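File shown: run.cif (mmCIF, C-alpha atoms and all ligand atoms).
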```
data_upload
loop_
_atom_site.label_atom_id
_atom_site.label_comp_id
_atom_site.auth_asym_id
_atom_site.auth_seq_id
_atom_site.Cartn_x
_atom_site.Cartn_y
_atom_site.Cartn_z
CA MET A 1 57.65 15.68 -34.77
CA ALA A 2 58.67 12.70 -32.69
CA THR A 3 61.24 14.53 -30.62
CA SER A 4 61.18 13.96 -26.90
CA ARG A 5 58.46 16.01 -25.27
CA GLY A 6 58.34 15.94 -21.50
CA PRO A 7 54.91 15.49 -19.97
CA ALA A 8 55.03 19.00 -18.52
CA ALA A 9 56.10 20.66 -21.78
CA SER A 10 52.61 21.06 -23.20
CA PRO A 11 50.19 23.61 -21.72
CA PHE A 12 47.47 21.08 -22.54
CA VAL A 13 48.76 18.57 -20.03
CA VAL A 14 47.06 18.81 -16.65
CA SER A 15 48.32 16.96 -13.63
CA VAL A 16 45.40 15.24 -11.93
CA ARG A 17 47.09 12.79 -9.60
CA ASP A 18 45.38 14.14 -6.48
CA LEU A 19 42.05 14.60 -8.22
CA ALA A 20 42.05 11.02 -9.51
CA ARG A 21 42.51 9.70 -5.98
CA ARG A 22 39.42 11.46 -4.72
CA PRO A 23 36.35 10.37 -6.65
CA GLY A 24 33.67 13.03 -6.35
CA SER A 25 36.12 15.89 -6.32
CA GLN A 26 36.26 18.46 -9.06
CA LEU A 27 38.77 20.84 -10.60
CA SER A 28 37.98 23.92 -12.70
CA ILE A 29 40.25 25.15 -15.44
CA SER A 30 39.77 28.65 -16.77
CA ARG A 31 42.66 29.81 -18.90
CA SER A 32 43.75 30.85 -22.36
CA ILE A 33 46.48 29.01 -24.19
CA PRO A 34 47.87 29.51 -27.67
CA ALA A 35 46.93 26.96 -30.31
CA PRO A 36 50.01 24.75 -30.83
CA ALA A 37 49.16 24.24 -34.52
CA VAL A 38 46.22 25.02 -36.74
CA PHE A 39 43.08 23.64 -35.10
CA GLY A 40 40.84 23.13 -38.07
CA THR A 41 40.28 21.84 -41.57
CA ASP A 42 41.66 22.77 -44.99
CA VAL A 43 39.16 25.59 -45.37
CA ILE A 44 38.90 27.10 -41.88
CA GLY A 45 40.70 26.83 -38.57
CA VAL A 46 42.08 28.53 -35.47
CA PRO A 47 45.53 29.79 -36.51
CA GLU A 48 48.63 28.59 -34.70
CA GLY A 49 49.41 30.86 -31.76
CA SER A 50 45.90 32.25 -31.58
CA ASP A 51 44.08 32.04 -28.22
CA LEU A 52 42.03 29.07 -27.12
CA ALA A 53 39.94 30.11 -24.13
CA LEU A 54 39.21 27.10 -21.95
CA GLU A 55 36.39 26.85 -19.43
CA LEU A 56 36.59 23.28 -18.26
CA SER A 57 35.50 21.17 -15.37
CA LEU A 58 37.44 18.04 -14.48
CA GLU A 59 35.47 15.63 -12.37
CA SER A 60 36.87 12.59 -10.67
CA VAL A 61 34.52 9.66 -11.29
CA SER A 62 35.00 5.96 -10.66
CA GLU A 63 35.90 5.28 -14.32
CA GLY A 64 38.47 8.06 -14.49
CA ILE A 65 38.25 11.78 -15.13
CA TRP A 66 35.21 13.31 -16.83
CA VAL A 67 36.03 16.51 -18.70
CA SER A 68 33.31 18.93 -19.77
CA GLY A 69 32.97 22.59 -20.64
CA THR A 70 33.76 24.81 -23.60
CA VAL A 71 36.63 26.07 -25.69
CA ALA A 72 36.24 29.44 -27.39
CA ALA A 73 38.40 30.69 -30.23
CA ARG A 74 38.38 32.71 -33.42
CA ALA A 75 38.66 30.70 -36.60
CA VAL A 76 39.94 32.13 -39.86
CA GLY A 77 39.28 30.69 -43.27
CA GLU A 78 38.19 31.32 -46.81
CA CYS A 79 34.69 31.86 -48.20
CA SER A 80 33.87 28.81 -50.31
CA ARG A 81 32.22 30.95 -52.97
CA CYS A 82 34.27 34.16 -53.31
CA LEU A 83 37.51 33.15 -51.52
CA ASP A 84 37.43 36.23 -49.29
CA GLU A 85 38.76 35.85 -45.77
CA VAL A 86 36.17 34.70 -43.28
CA SER A 87 36.59 34.85 -39.54
CA GLU A 88 34.21 33.29 -37.16
CA ASP A 89 33.95 33.03 -33.37
CA VAL A 90 33.68 29.44 -32.30
CA LEU A 91 32.32 28.23 -28.98
CA ALA A 92 32.80 24.49 -28.96
CA PRO A 93 31.28 22.19 -26.34
CA VAL A 94 33.82 19.80 -24.83
CA GLN A 95 32.94 16.42 -23.35
CA GLY A 96 35.08 13.40 -22.81
CA LEU A 97 36.09 10.69 -20.41
CA PHE A 98 39.69 9.85 -19.63
CA ALA A 99 39.22 6.29 -18.46
CA HIS A 100 41.41 4.20 -16.17
CA PRO A 101 42.73 1.14 -18.00
CA GLY A 102 39.99 -1.48 -18.08
CA ALA A 103 37.23 0.94 -17.14
CA GLN A 104 36.01 1.54 -20.70
CA SER A 105 33.26 -1.10 -20.52
CA ALA A 106 31.21 1.01 -18.14
CA GLY A 107 28.31 1.06 -20.58
CA GLU A 108 28.43 4.80 -21.17
CA GLY A 109 27.19 4.51 -24.72
CA ASP A 110 28.96 4.94 -28.00
CA ASP A 111 28.58 8.70 -28.17
CA VAL A 112 30.95 9.30 -25.28
CA ASP A 113 34.47 10.22 -26.28
CA VAL A 114 36.71 7.88 -24.25
CA ARG A 115 40.47 8.31 -24.00
CA ASP A 116 43.19 6.51 -22.09
CA PHE A 117 44.22 7.78 -18.70
CA ASP A 118 47.43 6.83 -16.91
CA GLY A 119 46.16 7.94 -13.50
CA ASP A 120 48.56 10.85 -13.47
CA SER A 121 47.89 13.51 -16.04
CA LEU A 122 45.57 14.35 -18.92
CA ASP A 123 46.62 15.61 -22.31
CA LEU A 124 43.68 17.73 -23.41
CA GLU A 125 45.07 18.69 -26.81
CA GLU A 126 43.32 16.04 -28.91
CA LEU A 127 40.01 16.39 -27.08
CA LEU A 128 40.06 20.16 -27.62
CA ARG A 129 41.18 19.88 -31.24
CA ASP A 130 38.32 17.48 -31.99
CA ALA A 131 35.83 19.76 -30.23
CA VAL A 132 36.95 22.78 -32.26
CA VAL A 133 37.07 20.95 -35.59
CA THR A 134 33.57 19.52 -35.12
CA SER A 135 32.21 22.99 -34.42
CA LEU A 136 33.62 24.58 -37.57
CA PRO A 137 31.44 25.05 -40.66
CA PHE A 138 32.05 22.55 -43.49
CA VAL A 139 31.43 25.28 -46.05
CA PRO A 140 32.54 28.65 -44.67
CA LEU A 141 30.79 31.64 -46.24
CA CYS A 142 31.51 35.38 -45.88
CA ASP A 143 27.73 35.83 -46.04
CA PRO A 144 24.99 33.21 -46.48
CA ALA A 145 23.91 35.16 -49.57
CA CYS A 146 27.41 35.49 -51.03
CA PRO A 147 26.95 35.45 -54.83
CA GLY A 148 30.47 34.14 -55.41
CA LEU A 149 32.65 34.90 -58.41
CA CYS A 150 31.81 35.52 -62.06
CA ASP A 151 32.35 32.25 -63.87
CA GLN A 152 33.72 34.10 -66.89
CA CYS A 153 36.21 36.58 -65.46
CA GLY A 154 36.44 35.76 -61.75
CA ALA A 155 35.18 39.16 -60.56
CA ARG A 156 33.70 39.23 -57.06
CA LEU A 157 29.98 39.63 -57.72
CA ALA A 158 29.16 41.12 -54.30
CA ASP A 159 31.28 44.16 -55.28
CA ALA A 160 29.64 44.48 -58.68
CA PRO A 161 25.93 43.71 -58.59
CA GLN A 162 25.53 45.01 -62.16
CA HIS A 163 28.33 42.82 -63.44
CA HIS A 164 27.61 40.94 -66.63
CA HIS A 165 29.21 40.06 -69.95
CA ASP A 166 27.63 40.82 -73.30
CA ALA A 167 26.85 37.71 -75.24
CA VAL A 168 29.66 36.98 -77.66
CA ASP A 169 28.99 38.38 -81.13
CA PRO A 170 28.22 35.38 -83.35
CA ARG A 171 30.72 36.57 -85.97
CA TRP A 172 33.49 36.51 -83.41
CA ALA A 173 32.33 33.15 -82.18
CA ASP A 174 32.79 31.83 -85.72
CA LEU A 175 36.30 33.22 -85.88
CA LYS A 176 37.08 31.69 -82.52
CA GLY A 177 35.92 28.33 -83.81
CA LEU A 178 38.25 28.69 -86.80
CA THR A 179 41.31 29.43 -84.72
CA GLU A 180 40.52 26.55 -82.41
CA GLN A 181 40.32 24.21 -85.38
CA LYS A 182 43.69 25.45 -86.60
CA GLU A 183 45.30 24.71 -83.29
CA THR A 184 44.26 21.10 -83.22
ZN ZN B 201 31.94 35.11 -50.14
ZN ZN B 202 32.79 38.62 -65.29
#
```
Using structure tokens, write down the structure that the file contains.
Ligand SMILES: [Zn+2]
Ligand SMILES: [Zn+2]
Amino acid sequence: MATSRGPAASPFVVSVRDLARRPGSQLSISRSIPAPAVFGTDVIGVPEGSDLALELSLESVSEGIWVSGTVAARAVGECSRCLDEVSEDVLAPVQGLFAHPGAQSAGEGDDVDVRDFDGDSLDLEELLRDAVVTSLPFVPLCDPACPGLCDQCGARLADAPQHHHDAVDPRWADLKGLTEQKET
């Protein structure tokens, strides 16, 4: 939504005006905030309203503010094989630089996540969302050995290790072929 959102409205926005003026100083953030929307992919994510536990360090450096630490949360999704619910604890490393305008060319290397910084406050939402999403499994599984579903009837094979279907009687198969021909 593009409705007006004051800078203080989001719990992800941290005022760092004083910190930014004192290079070398550091600020620790240790708090839990509810996810503002699903943090995740189509198959697994941290549900909206569920806790994101932040343990962050904000460091004032000459280029801007260096943010590092972790975000912990519980992701919920669907097993890619049997479609059962999967929940997984995620502990995502967070690292990023909020750079003063013009400070990006500091030769930090391409692997550093650099964001714009207005000298006043940081909006950590995107940085944290990216950290969580990158830490989620591409193919969530209820169990690495999940046998999935029967390709004939959709039964969950983990519940029915003996599950099988008798081969179709050839006489019936012939009949089936006849009816199929009729239909076309
Ligand atoms: Zn499964
Ligand atoms: Zn079956």
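The contact shell of ligand ZN 201 (chain B), defined as all polymer residues within 8 Å when only C-alpha atoms and all ligand atoms are used, comprises Cys79, Ser80, Arg81, Cys82, Leu83, Asp84, Leu141, Cys142, Asp143, Cys146, Pro147, Gly148 and Ala158 of chain A.
Taking all atoms listed in the file into account, A:Ile33 lies nearest to A:Gly49 out of the set A:Gly64, A:Pro93, A:Gly102, A:Gly49.
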What residues of the protein or nucleic acid chains come within 8 Å of ligand ZN 202 (chain B) when you use only C-alpha atoms and all ligand atoms? Reply as a PyMOL selection string. chain A and resi 149-155+163-165
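Atom CA of A:Gly77 to atom CA of A:Gly45 spans 6.2 Å [interatomic distance, one decimal].
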Point (39.0, 8.0, -12.5) neighbourhood (12 Å, only C-alpha atoms) written as a PyMOL selection string: chain A and resi 16-26+58-67+97-104+106+114-122
